[in-house]
>>> print(open('work_22.csv').read())   # CSV, C-alpha atoms (C1' of nucleotides)
chain,number,residue,atom,x,y,z
A,289,MET,CA,95.0,121.4,39.6
A,290,PRO,CA,97.5,121.5,36.7
A,291,SER,CA,96.5,119.6,33.6
A,292,PRO,CA,98.6,116.5,32.8
A,293,ARG,CA,99.1,118.0,29.4
A,294,ALA,CA,100.6,121.2,30.8
A,295,PRO,CA,103.0,122.7,28.1
A,296,ARG,CA,105.9,123.1,30.5
A,297,PRO,CA,106.8,121.6,33.9
A,298,ALA,CA,104.2,122.9,36.2
A,299,PRO,CA,104.8,123.5,39.9
A,300,PRO,CA,103.9,120.6,42.1
A,301,ALA,CA,100.1,120.3,42.7
A,302,PRO,CA,99.0,121.9,46.0
A,303,ALA,CA,97.5,118.7,47.2
A,304,ASP,CA,100.8,117.0,46.9
A,305,LEU,CA,102.6,119.8,48.6
A,306,ALA,CA,100.2,119.7,51.4
A,307,HIS,CA,100.4,116.0,52.1
A,308,PRO,CA,104.0,114.9,52.0
A,309,ALA,CA,103.2,112.5,54.8
A,310,GLY,CA,100.4,110.9,53.0
A,311,LEU,CA,97.6,112.4,55.0
A,312,ALA,CA,94.1,112.4,53.7
A,313,PRO,CA,93.6,115.0,51.0
A,314,PRO,CA,91.6,118.1,51.8
A,315,ALA,CA,87.9,118.3,51.0
A,316,ALA,CA,88.6,120.9,48.3
A,317,ALA,CA,91.5,121.9,46.2
A,318,LEU,CA,93.7,124.9,47.0
A,319,PRO,CA,93.8,127.8,44.6
A,320,PRO,CA,96.9,128.2,42.5
A,321,ILE,CA,99.9,128.9,44.7
A,322,PRO,CA,100.4,132.5,43.5
A,323,ALA,CA,96.8,133.3,44.3
A,324,LEU,CA,97.4,131.9,47.8
A,325,HIS,CA,100.4,134.1,48.1
A,326,SER,CA,98.5,137.2,47.0
A,327,SER,CA,95.6,136.5,49.4
A,328,VAL,CA,97.9,136.4,52.4
A,329,ILE,CA,100.2,139.2,51.3
A,330,ASP,CA,97.3,141.5,50.5
A,331,TRP,CA,95.8,140.8,53.9
A,332,PHE,CA,99.2,141.6,55.4
A,333,ASP,CA,99.4,144.9,53.6
A,334,GLU,CA,96.2,146.0,55.2
A,335,HIS,CA,96.4,144.5,58.6
A,336,ALA,CA,100.0,144.2,59.6
A,337,ARG,CA,100.9,145.7,63.0
A,338,GLU,CA,103.3,148.7,63.0
A,339,LEU,CA,106.2,147.4,65.0
A,340,PRO,CA,109.5,149.2,65.6
A,341,TRP,CA,111.6,146.5,63.9
A,342,ARG,CA,109.4,146.7,60.8
A,343,ARG,CA,109.8,150.4,60.2
A,344,PRO,CA,111.5,151.2,56.9
A,345,ASP,CA,114.4,152.8,58.8
A,346,ALA,CA,114.9,149.8,61.1
A,347,GLY,CA,118.3,148.3,60.6
A,348,ALA,CA,119.3,144.7,60.7
A,349,TRP,CA,120.5,145.1,64.3
A,350,SER,CA,117.0,146.2,65.3
A,351,VAL,CA,115.6,143.2,63.6
A,352,MET,CA,118.1,140.8,65.2
A,353,VAL,CA,117.5,142.2,68.7
A,354,SER,CA,113.8,141.8,68.2
A,355,GLU,CA,114.2,138.2,67.1
A,356,PHE,CA,116.2,137.3,70.2
A,357,MET,CA,113.7,139.0,72.5
A,358,LEU,CA,110.7,137.4,70.7
A,359,GLN,CA,112.0,133.9,71.2
A,360,GLN,CA,109.2,132.7,73.5
A,361,THR,CA,108.2,136.2,74.7
A,362,PRO,CA,105.1,138.1,73.6
A,363,VAL,CA,105.4,141.2,71.5
A,364,SER,CA,103.7,143.4,74.1
A,365,ARG,CA,106.4,142.7,76.6
A,366,VAL,CA,109.2,143.0,74.1
A,367,LEU,CA,108.3,146.5,72.9
A,368,PRO,CA,109.5,148.7,75.7
A,369,VAL,CA,112.7,146.7,76.3
A,370,HIS,CA,113.6,146.7,72.6
A,371,GLU,CA,113.2,150.4,72.5
A,372,GLN,CA,115.5,151.0,75.5
A,373,TRP,CA,118.0,148.4,74.1
A,374,LEU,CA,118.3,150.1,70.7
A,375,ALA,CA,118.6,153.6,72.3
A,376,ARG,CA,121.4,152.4,74.6
A,377,TRP,CA,123.2,150.1,72.1
A,378,PRO,CA,122.4,151.4,68.5
A,379,ARG,CA,124.9,149.1,67.0
A,380,PRO,CA,126.4,145.7,67.9
A,381,ALA,CA,129.8,147.1,68.7
A,382,ALA,CA,128.2,149.3,71.4
A,383,LEU,CA,126.8,146.3,73.2
A,384,ALA,CA,129.9,144.3,72.7
A,385,ALA,CA,131.9,147.0,74.5
A,386,GLU,CA,130.0,146.5,77.7
A,387,PRO,CA,130.1,143.7,80.2
A,388,PRO,CA,127.7,140.8,79.6
A,389,GLY,CA,126.1,141.5,83.0
A,390,GLU,CA,124.8,144.8,81.6
A,391,ALA,CA,123.0,142.9,78.9
A,392,VAL,CA,121.5,140.6,81.5
A,393,ARG,CA,120.4,143.6,83.6
A,394,ALA,CA,118.9,145.4,80.6
A,395,TRP,CA,117.1,142.3,79.6
A,396,GLY,CA,114.9,142.8,82.7
A,397,ARG,CA,112.0,140.4,83.1
A,398,LEU,CA,111.7,139.1,79.5
A,399,GLY,CA,112.6,135.7,80.7
A,400,TYR,CA,115.2,133.2,79.6
A,401,PRO,CA,118.1,135.5,80.4
A,402,ARG,CA,120.6,133.3,78.6
A,403,ARG,CA,119.3,135.0,75.5
A,404,ALA,CA,120.7,138.2,76.8
A,405,LEU,CA,124.1,136.6,77.2
A,406,ARG,CA,123.9,135.1,73.8
A,407,LEU,CA,122.9,138.3,72.2
A,408,HIS,CA,125.9,140.0,73.8
A,409,ALA,CA,128.1,137.3,72.5
A,410,ALA,CA,126.6,137.5,69.1
A,411,ALA,CA,127.3,141.3,69.1
A,412,GLY,CA,130.9,140.5,70.0
A,413,ALA,CA,131.2,138.1,67.1
A,414,ILE,CA,129.6,140.6,64.7
A,415,ALA,CA,132.0,143.3,65.9
A,416,GLU,CA,135.0,141.1,65.5
A,417,ARG,CA,134.3,139.0,62.5
A,418,HIS,CA,131.8,140.9,60.5
A,419,GLY,CA,133.0,144.5,60.7
A,420,GLY,CA,130.2,145.4,63.0
A,421,GLN,CA,127.5,144.6,60.4
A,422,VAL,CA,124.9,142.0,61.0
A,423,PRO,CA,125.6,139.3,58.4
A,424,ASP,CA,123.0,138.8,55.7
A,425,ASP,CA,124.1,135.3,55.0
A,426,HIS,CA,122.1,132.5,56.5
A,427,ALA,CA,125.1,130.3,57.3
A,428,ALA,CA,127.0,133.2,58.9
A,429,LEU,CA,123.9,134.1,61.0
A,430,LEU,CA,123.5,130.5,62.1
A,431,ALA,CA,127.1,130.5,63.4
A,432,LEU,CA,126.3,133.2,65.9
A,433,PRO,CA,125.5,132.3,69.4
A,434,GLY,CA,121.7,132.1,70.1
A,435,VAL,CA,120.9,132.0,66.4
A,436,GLY,CA,119.1,128.8,65.3
A,437,GLU,CA,117.4,127.8,62.2
A,438,TYR,CA,114.4,130.1,62.7
A,439,THR,CA,116.3,133.2,63.8
A,440,ALA,CA,118.8,132.9,60.9
A,441,ALA,CA,116.0,132.7,58.4
A,442,ALA,CA,114.1,135.5,60.0
A,443,VAL,CA,117.0,138.0,60.1
A,444,ALA,CA,118.0,137.2,56.6
A,445,SER,CA,114.4,137.5,55.4
A,446,PHE,CA,113.1,140.5,57.4
A,447,ALA,CA,116.3,142.5,57.5
A,448,TYR,CA,117.7,141.8,54.1
A,449,GLY,CA,114.8,140.6,52.0
A,450,ARG,CA,116.5,137.2,51.4
A,451,ARG,CA,114.5,134.2,50.3
A,452,HIS,CA,114.2,131.7,53.2
A,453,ALA,CA,111.5,129.5,54.6
A,454,VAL,CA,110.8,131.1,58.0
A,455,LEU,CA,109.3,128.4,60.1
A,456,ASP,CA,108.2,129.7,63.5
A,457,THR,CA,105.3,128.5,65.6
A,458,ASN,CA,102.9,130.8,63.8
A,459,VAL,CA,103.8,129.8,60.3
A,460,ARG,CA,103.8,126.1,61.3
A,461,ARG,CA,100.3,126.4,62.7
A,462,VAL,CA,99.0,128.3,59.6
A,463,PHE,CA,100.5,125.6,57.4
A,464,ALA,CA,99.2,122.8,59.6
A,465,ARG,CA,95.7,124.1,59.4
A,466,ALA,CA,95.4,125.6,55.9
A,467,LEU,CA,97.4,122.9,54.1
A,468,THR,CA,97.7,119.8,56.1
A,469,GLY,CA,94.3,120.0,57.7
A,470,VAL,CA,95.1,119.5,61.3
A,471,ARG,CA,94.6,121.8,64.2
A,472,TYR,CA,98.2,121.8,65.5
A,473,PRO,CA,101.6,121.1,64.0
A,474,PRO,CA,103.9,118.4,65.4
A,475,THR,CA,105.7,119.1,68.6
A,476,ALA,CA,109.0,119.6,66.9
A,477,THR,CA,109.6,120.8,63.3
A,478,THR,CA,109.7,117.9,60.9
A,479,ALA,CA,111.3,117.4,57.6
A,480,ALA,CA,107.9,117.3,56.0
A,481,GLU,CA,107.2,120.8,57.3
A,482,ARG,CA,110.4,122.1,55.9
A,483,LYS,CA,109.7,120.5,52.6
A,484,LEU,CA,106.3,122.1,52.5
A,485,ALA,CA,107.6,125.5,53.5
A,486,HIS,CA,110.2,125.4,50.8
A,487,ALA,CA,107.8,124.3,48.1
A,488,LEU,CA,105.5,127.2,48.9
A,489,LEU,CA,108.2,129.8,48.9
A,490,PRO,CA,107.6,132.4,46.1
A,491,GLU,CA,110.3,132.4,43.5
A,492,ASP,CA,110.8,136.1,43.6
A,493,GLU,CA,113.1,137.1,46.5
A,494,ALA,CA,111.1,140.2,47.6
A,495,THR,CA,107.9,138.3,47.4
A,496,ALA,CA,109.3,135.4,49.4
A,497,ALA,CA,110.3,137.8,52.2
A,498,ARG,CA,106.8,139.3,52.1
A,499,TRP,CA,105.2,135.9,52.2
A,500,ALA,CA,107.3,135.0,55.3
A,501,ALA,CA,106.2,138.0,57.2
A,502,SER,CA,102.6,137.7,56.1
A,503,THR,CA,102.2,134.1,57.1
A,504,MET,CA,103.8,134.7,60.4
A,505,GLU,CA,101.5,137.7,61.1
A,506,LEU,CA,98.4,135.7,60.0
A,507,GLY,CA,99.3,133.1,62.6
A,508,ALA,CA,99.9,135.7,65.3
A,509,LEU,CA,96.7,137.8,64.7
A,510,VAL,CA,94.1,135.5,63.1
A,511,CYS,CA,95.1,131.8,63.0
A,512,THR,CA,95.8,131.8,66.7
A,513,ALA,CA,96.4,128.7,68.8
A,514,ARG,CA,93.3,128.6,71.0
A,515,ALA,CA,90.6,130.6,69.2
A,516,PRO,CA,91.3,131.1,65.5
A,517,ALA,CA,89.4,134.0,64.0
A,518,CYS,CA,88.5,132.3,60.8
A,519,VAL,CA,85.9,135.0,59.9
A,520,ARG,CA,88.8,137.3,59.5
A,521,CYS,CA,91.0,134.9,57.6
A,522,PRO,CA,91.8,135.7,54.0
A,523,ILE,CA,92.2,132.0,53.1
A,524,ALA,CA,89.4,130.5,55.2
A,525,ALA,CA,87.6,129.3,52.1
A,526,HIS,CA,90.7,127.2,51.2
A,527,CYS,CA,91.7,126.1,54.7
A,528,ALA,CA,92.0,122.3,54.8
A,529,TRP,CA,91.3,122.2,58.5
A,530,ARG,CA,88.1,124.2,58.2
A,531,LEU,CA,86.9,122.2,55.2
A,532,ALA,CA,87.5,119.1,57.3
A,533,GLY,CA,85.1,120.4,59.9
A,534,SER,CA,87.8,121.9,62.2
A,535,PRO,CA,88.6,118.6,63.9
A,536,ALA,CA,90.1,118.6,67.4
A,537,HIS,CA,93.7,117.9,67.9
A,538,ASP,CA,94.2,114.1,67.9
A,539,GLY,CA,97.8,113.4,68.9
A,540,PRO,CA,99.2,113.5,72.4
A,541,PRO,CA,98.4,116.4,74.8
A,542,ARG,CA,100.0,119.6,73.7
A,543,ARG,CA,102.6,120.4,76.3
A,544,GLY,CA,102.4,121.2,80.0
A,545,GLN,CA,105.2,122.9,81.9
A,546,THR,CA,104.8,123.4,85.5
A,547,TYR,CA,106.9,126.1,86.9
A,548,ALA,CA,106.2,126.5,90.6
A,549,GLY,CA,108.9,124.8,92.6
A,550,THR,CA,111.3,124.2,89.8
A,551,ASP,CA,114.9,125.2,89.5
A,552,ARG,CA,113.9,127.7,86.9
A,553,GLN,CA,111.8,129.5,89.4
A,554,VAL,CA,114.6,129.6,91.9
A,555,ARG,CA,117.0,130.8,89.2
A,556,GLY,CA,114.6,133.5,88.4
A,557,LYS,CA,114.4,134.7,92.0
A,558,LEU,CA,118.1,134.7,92.4
A,559,LEU,CA,118.7,136.6,89.2
A,560,ALA,CA,116.0,139.1,90.0
A,561,VAL,CA,118.0,140.0,93.2
A,562,LEU,CA,121.2,140.4,91.3
A,563,ARG,CA,119.6,142.5,88.5
A,564,GLU,CA,118.4,145.0,91.0
A,565,ALA,CA,121.6,145.2,93.0
A,566,THR,CA,124.1,147.9,92.2
A,567,GLY,CA,127.1,146.2,93.9
A,568,PRO,CA,128.1,142.7,94.9
A,569,VAL,CA,125.3,140.7,96.7
A,570,ALA,CA,126.0,138.8,99.9
A,571,GLN,CA,125.3,135.1,100.1
A,572,GLU,CA,122.8,135.7,102.9
A,573,GLU,CA,120.7,137.9,100.7
A,574,LEU,CA,120.5,135.3,98.0
A,575,ASP,CA,119.7,132.6,100.7
A,576,ALA,CA,116.6,134.6,101.5
A,577,VAL,CA,114.9,133.9,98.1
A,578,TRP,CA,114.4,130.2,98.6
A,579,HIS,CA,114.0,128.1,101.8
A,580,GLU,CA,115.4,124.8,100.5
A,581,PRO,CA,119.2,124.9,100.6
A,582,VAL,CA,120.0,122.1,98.3
A,583,GLN,CA,117.8,123.3,95.5
A,584,ARG,CA,118.9,126.9,96.1
A,585,ALA,CA,122.6,126.0,95.9
A,586,ARG,CA,122.0,123.9,92.7
A,587,ALA,CA,120.2,126.9,91.1
A,588,LEU,CA,123.0,129.3,92.0
A,589,ASP,CA,125.6,126.9,90.7
A,590,GLY,CA,123.7,126.5,87.5
A,591,LEU,CA,123.6,130.3,87.0
A,592,VAL,CA,127.4,130.5,87.6
A,593,ALA,CA,128.0,127.6,85.2
A,594,ASP,CA,125.9,129.4,82.6
A,595,GLY,CA,127.9,132.5,83.0
A,596,LEU,CA,124.9,134.5,84.2
A,597,VAL,CA,126.4,135.1,87.7
A,598,GLU,CA,129.9,135.7,88.7
A,599,PRO,CA,131.1,134.5,92.1
A,600,LEU,CA,133.5,136.8,93.9
A,601,PRO,CA,136.3,135.8,96.3
A,602,GLY,CA,134.6,137.2,99.4
A,603,GLY,CA,131.6,134.9,99.0
A,604,THR,CA,129.5,137.5,97.2
A,605,TYR,CA,128.0,137.5,93.8
A,606,ARG,CA,127.2,139.8,90.9
A,607,LEU,CA,126.2,139.9,87.3
A,608,PRO,CA,129.2,139.0,85.1
A,609,LEU,CA,131.8,141.6,84.2
A,610,THR,CA,133.4,139.3,81.8
B,217,DC,C1',115.4,113.8,70.7
B,218,DA,C1',113.5,115.0,75.1
B,219,DA,C1',114.4,118.2,78.6
B,220,DA,C1',116.0,122.5,80.4
B,221,DC,C1',115.5,127.2,80.2
B,222,DG,C1',111.7,132.7,82.7
B,223,DT,C1',107.9,135.3,83.0
B,224,DG,C1',103.3,136.9,82.9
B,225,DG,C1',98.8,137.2,80.6
B,226,DT,C1',94.6,134.5,79.3
B,227,DT,C1',91.2,130.9,79.6
C,66,DT,C1',92.8,127.7,89.2
C,67,DA,C1',95.6,124.7,86.7
C,68,DA,C1',96.8,124.7,82.1
C,69,DC,C1',98.0,126.8,78.1
C,70,DC,C1',100.5,129.9,75.3
C,71,DA,C1',104.1,133.4,73.6
C,72,DA,C1',108.6,135.3,66.5
C,73,DG,C1',113.3,129.1,70.0
C,74,DT,C1',118.0,127.4,71.1
C,75,DT,C1',121.0,124.4,73.2
C,76,DT,C1',122.6,120.1,75.1
>>> encode(input="work_22.csv", output="structure tokens")
Amino acid sequence: MPSPRAPRPAPPAPADLAHPAGLAPPAAALPPIPALHSSVIDWFDEHARELPWRRPDAGAWSVMVSEFMLQQTPVSRVLPVHEQWLARWPRPAALAAEPPGEAVRAWGRLGYPRRALRLHAAAGAIAERHGGQVPDDHAALLALPGVGEYTAAAVASFAYGRRHAVLDTNVRRVFARALTGVRYPPTATTAAERKLAHALLPEDEATAARWAASTMELGALVCTARAPACVRCPIAAHCAWRLAGSPAHDGPPRRGQTYAGTDRQVRGKLLAVLREATGPVAQEELDAVWHEPVQRARALDGLVADGLVEPLPGGTYRLPLT
DNA sequence: CAAACGTGGTT
DNA sequence: TAACCAAGTTT
């Protein structure tokens, strides 16, 4: 903790940073913030996975494609699709030159296919408004379709080394445990979390970018949701949650999303047929994927409304050409 | 701000 | 096996 007689304005005390919401203080003080940075970054230097979008020669487009694909989809399933995607569309303009349906088809079974549509639209915007170069500015990134607060910060930070708080589910969990002392972060990102993340950001731009990647990787590999591997954690000795005895999550139940029988499942089945088809698909073939006609029609209408499916005059359907 | 939005692996 | 979880965004 900084002395009250510090000769110059000291950075805010760790305990204050960690408890903007007035939660109980941790059982022990954190080390100086720079030491915390070093611990996690040093761990990252030794244990980071080698991923295609992290290679030195990976461009901003590769990073951006990975970020879209990784929105709610595990790395292991993204890897092969990302590789094919970059081989086929090495630059945004190449993707933009093709019909959106091709993006949806190439998306395969990654899930949430609207992301493919948005990535295609983002590529078009980049080609038209940014000279074909993925913007390095957070605000410009945020203006792109499918790019939210997290993705804008991630692309700016990982692709361009810019200084941004990158708050994904991994980082939020690491901060919740190590600094706030709770097992899980709130359901939605709060102002307190943003404040904490910004306060912890290293001053130096390159270090800040490294810190962002490091904390995210720590959450993905060690400080995992169900079974954190604290024995492998570089900051376990300082973790507020551990020091508090690793208390169980107290708030409301995490989240439960049933899938069977939902419109989402029906949409998935319909789109799977259209992805595999080479030409227009007859209504009857789509009817075969789901028995209940009302829900089936609602799902198909939804896909059309979302621009994922294009209805043709003859009562047939295909992935969108425009 | 809660709900919608895919898919598949793990516990 | 039902529930949980995975680098979120949009409405």
>>> residues_near_point(input="work_22.csv", point="(111.4, 123.9, 80.0)", cutoff="10 Å", atoms="only C-alpha atoms (C1' of nucleotides)", output="MDAnalysis selection string")
(chainID A and resid 544:547 550 552) or (chainID B and resid 219:222)
>>> atom_distance(input="work_22.csv", atom1="CA of Pro473 (chain A)", atom2="CA of Arg461 (chain A)")
5.6 Å
>>> interface_residues(input="work_22.csv", of="chain A", to="chain C", cutoff="9 Å", atoms="only C-alpha atoms (C1' of nucleotides)", output="JSON, numbers by chain")
{"A": [354, 355, 356, 357, 358, 359, 360, 361, 362, 363, 403, 434, 435, 436, 437, 438, 439, 442, 456, 457, 458, 504, 508, 513, 514, 542, 543, 544, 545, 546]}
>>> write_last_selection(input="work_22.csv", atoms="C-alpha atoms", output="PDB file, keeping the file's coordinate frame")
ATOM      1  CA  SER A 354     113.800 141.800  68.200  1.00  0.00           C
ATOM      2  CA  GLU A 355     114.200 138.200  67.100  1.00  0.00           C
ATOM      3  CA  PHE A 356     116.200 137.300  70.200  1.00  0.00           C
ATOM      4  CA  MET A 357     113.700 139.000  72.500  1.00  0.00           C
ATOM      5  CA  LEU A 358     110.700 137.400  70.700  1.00  0.00           C
ATOM      6  CA  GLN A 359     112.000 133.900  71.200  1.00  0.00           C
ATOM      7  CA  GLN A 360     109.200 132.700  73.500  1.00  0.00           C
ATOM      8  CA  THR A 361     108.200 136.200  74.700  1.00  0.00           C
ATOM      9  CA  PRO A 362     105.100 138.100  73.600  1.00  0.00           C
ATOM     10  CA  VAL A 363     105.400 141.200  71.500  1.00  0.00           C
ATOM     11  CA  ARG A 403     119.300 135.000  75.500  1.00  0.00           C
ATOM     12  CA  GLY A 434     121.700 132.100  70.100  1.00  0.00           C
ATOM     13  CA  VAL A 435     120.900 132.000  66.400  1.00  0.00           C
ATOM     14  CA  GLY A 436     119.100 128.800  65.300  1.00  0.00           C
ATOM     15  CA  GLU A 437     117.400 127.800  62.200  1.00  0.00           C
ATOM     16  CA  TYR A 438     114.400 130.100  62.700  1.00  0.00           C
ATOM     17  CA  THR A 439     116.300 133.200  63.800  1.00  0.00           C
ATOM     18  CA  ALA A 442     114.100 135.500  60.000  1.00  0.00           C
ATOM     19  CA  ASP A 456     108.200 129.700  63.500  1.00  0.00           C
ATOM     20  CA  THR A 457     105.300 128.500  65.600  1.00  0.00           C
ATOM     21  CA  ASN A 458     102.900 130.800  63.800  1.00  0.00           C
ATOM     22  CA  MET A 504     103.800 134.700  60.400  1.00  0.00           C
ATOM     23  CA  ALA A 508      99.900 135.700  65.300  1.00  0.00           C
ATOM     24  CA  ALA A 513      96.400 128.700  68.800  1.00  0.00           C
ATOM     25  CA  ARG A 514      93.300 128.600  71.000  1.00  0.00           C
ATOM     26  CA  ARG A 542     100.000 119.600  73.700  1.00  0.00           C
ATOM     27  CA  ARG A 543     102.600 120.400  76.300  1.00  0.00           C
ATOM     28  CA  GLY A 544     102.400 121.200  80.000  1.00  0.00           C
ATOM     29  CA  GLN A 545     105.200 122.900  81.900  1.00  0.00           C
ATOM     30  CA  THR A 546     104.800 123.400  85.500  1.00  0.00           C
TER      31      THR A 546
END
>>> atom_distance(input="work_22.csv", atom1="CA of Gly412 (chain A)", atom2="CA of Pro380 (chain A)")
7.2 Å
>>> closest_atom_pairs(input="work_22.csv", of="chain A", to="chain B", cutoff="8 Å", atoms="all atoms listed in the file", output="CSV")
residue,atom,partner,partner_atom,distance
A:Arg397,CA,B:DT223,C1',6.5
A:Leu398,CA,B:DT223,C1',6.4
A:Gly399,CA,B:DG222,C1',3.7
A:Tyr400,CA,B:DG222,C1',4.7
A:Pro401,CA,B:DG222,C1',7.4
A:Arg552,CA,B:DG222,C1',6.9
A:Gln553,CA,B:DG222,C1',7.4
A:Gly556,CA,B:DG222,C1',6.4
>>> atom_distance(input="work_22.csv", atom1="CA of Val422 (chain A)", atom2="CA of Glu505 (chain A)")
23.8 Å
>>> residues_around(input="work_22.csv", residues="Val462 (chain A)", least_positions_apart="5", cutoff="9 Å", atoms="only C-alpha atoms (C1' of nucleotides)", output="ChimeraX atom specification")
/A:457,467,472-473,503-504,506-507,511-512
>>> residues_around(input="work_22.csv", residues="Glu580 (chain A)", least_positions_apart="4", cutoff="12 Å", atoms="all atoms listed in the file", output="MDAnalysis selection string")
chainID A and resid 549:551 554 574:576 584:587
>>> decode(input="work_22.csv", residues="chain C", atoms="N, CA, C and O atoms (P, O5', C5', C4', C3', O3' and C1' of nucleotides)", output="CSV table (one decimal), in the first residue's frame")
chain,number,residue,atom,x,y,z
C,66,DT,P,-28.4,-40.4,-21.5
C,66,DT,O5',-29.0,-39.2,-20.6
C,66,DT,C5',-30.1,-39.4,-19.8
C,66,DT,C4',-30.3,-38.1,-19.0
C,66,DT,C3',-30.4,-36.9,-19.9
C,66,DT,O3',-31.3,-36.0,-19.2
C,66,DT,C1',-28.5,-36.6,-18.6
C,67,DA,P,-32.3,-35.1,-20.1
C,67,DA,O5',-32.4,-33.8,-19.2
C,67,DA,C5',-32.5,-33.9,-17.8
C,67,DA,C4',-31.7,-32.9,-17.0
C,67,DA,C3',-31.9,-31.5,-17.6
C,67,DA,O3',-31.9,-30.6,-16.4
C,67,DA,C1',-29.6,-32.1,-17.8
C,68,DA,P,-32.1,-29.0,-16.7
C,68,DA,O5',-30.6,-28.5,-16.5
C,68,DA,C5',-29.9,-29.0,-15.4
C,68,DA,C4',-28.5,-28.4,-15.5
C,68,DA,C3',-28.5,-26.9,-15.9
C,68,DA,O3',-27.7,-26.2,-15.0
C,68,DA,C1',-27.0,-28.2,-17.2
C,69,DC,P,-27.4,-24.7,-15.2
C,69,DC,O5',-25.9,-24.7,-15.7
C,69,DC,C5',-25.0,-25.6,-15.0
C,69,DC,C4',-23.6,-25.5,-15.7
C,69,DC,C3',-23.2,-24.1,-16.2
C,69,DC,O3',-21.9,-23.9,-15.8
C,69,DC,C1',-23.1,-25.6,-18.0
C,70,DC,P,-21.3,-22.4,-15.8
C,70,DC,O5',-20.5,-22.4,-17.2
C,70,DC,C5',-19.5,-23.4,-17.3
C,70,DC,C4',-19.0,-23.4,-18.8
C,70,DC,C3',-18.7,-22.0,-19.3
C,70,DC,O3',-17.3,-21.9,-19.6
C,70,DC,C1',-19.8,-23.4,-20.9
C,71,DA,P,-16.7,-20.4,-19.9
C,71,DA,O5',-16.4,-20.5,-21.5
C,71,DA,C5',-15.7,-21.6,-22.0
C,71,DA,C4',-15.7,-21.4,-23.5
C,71,DA,C3',-15.7,-20.0,-24.0
C,71,DA,O3',-14.4,-19.6,-24.5
C,71,DA,C1',-17.4,-21.3,-25.1
C,72,DA,P,-13.7,-18.7,-23.4
C,72,DA,O5',-14.0,-17.2,-23.9
C,72,DA,C5',-13.0,-16.7,-24.7
C,72,DA,C4',-13.5,-15.3,-25.1
C,72,DA,C3',-14.6,-15.4,-26.2
C,72,DA,O3',-15.4,-14.2,-26.2
C,72,DA,C1',-12.6,-14.4,-27.1
C,73,DG,P,-16.8,-14.3,-25.5
C,73,DG,O5',-17.6,-13.4,-26.6
C,73,DG,C5',-17.5,-12.0,-26.4
C,73,DG,C4',-18.1,-11.4,-27.6
C,73,DG,C3',-18.5,-9.9,-27.4
C,73,DG,O3',-18.3,-9.3,-28.7
C,73,DG,C1',-20.5,-11.3,-27.7
C,74,DT,P,-18.8,-7.7,-28.8
C,74,DT,O5',-20.2,-7.9,-29.6
C,74,DT,C5',-20.3,-8.6,-30.8
C,74,DT,C4',-21.6,-8.3,-31.5
C,74,DT,C3',-22.1,-6.9,-31.4
C,74,DT,O3',-22.6,-6.6,-32.7
C,74,DT,C1',-23.7,-8.4,-30.4
C,75,DT,P,-23.3,-5.1,-33.0
C,75,DT,O5',-24.9,-5.5,-32.8
C,75,DT,C5',-25.4,-6.6,-33.6
C,75,DT,C4',-26.8,-6.7,-33.3
C,75,DT,C3',-27.7,-5.5,-33.3
C,75,DT,O3',-28.8,-5.7,-34.1
C,75,DT,C1',-28.1,-6.7,-31.3
C,76,DT,P,-29.7,-4.5,-34.6
C,76,DT,O5',-31.0,-4.7,-33.6
C,76,DT,C5',-31.7,-5.9,-33.6
C,76,DT,C4',-32.8,-5.9,-32.6
C,76,DT,C3',-33.5,-4.6,-32.4
C,76,DT,O3',-34.9,-4.9,-32.3
C,76,DT,C1',-32.7,-5.2,-30.3
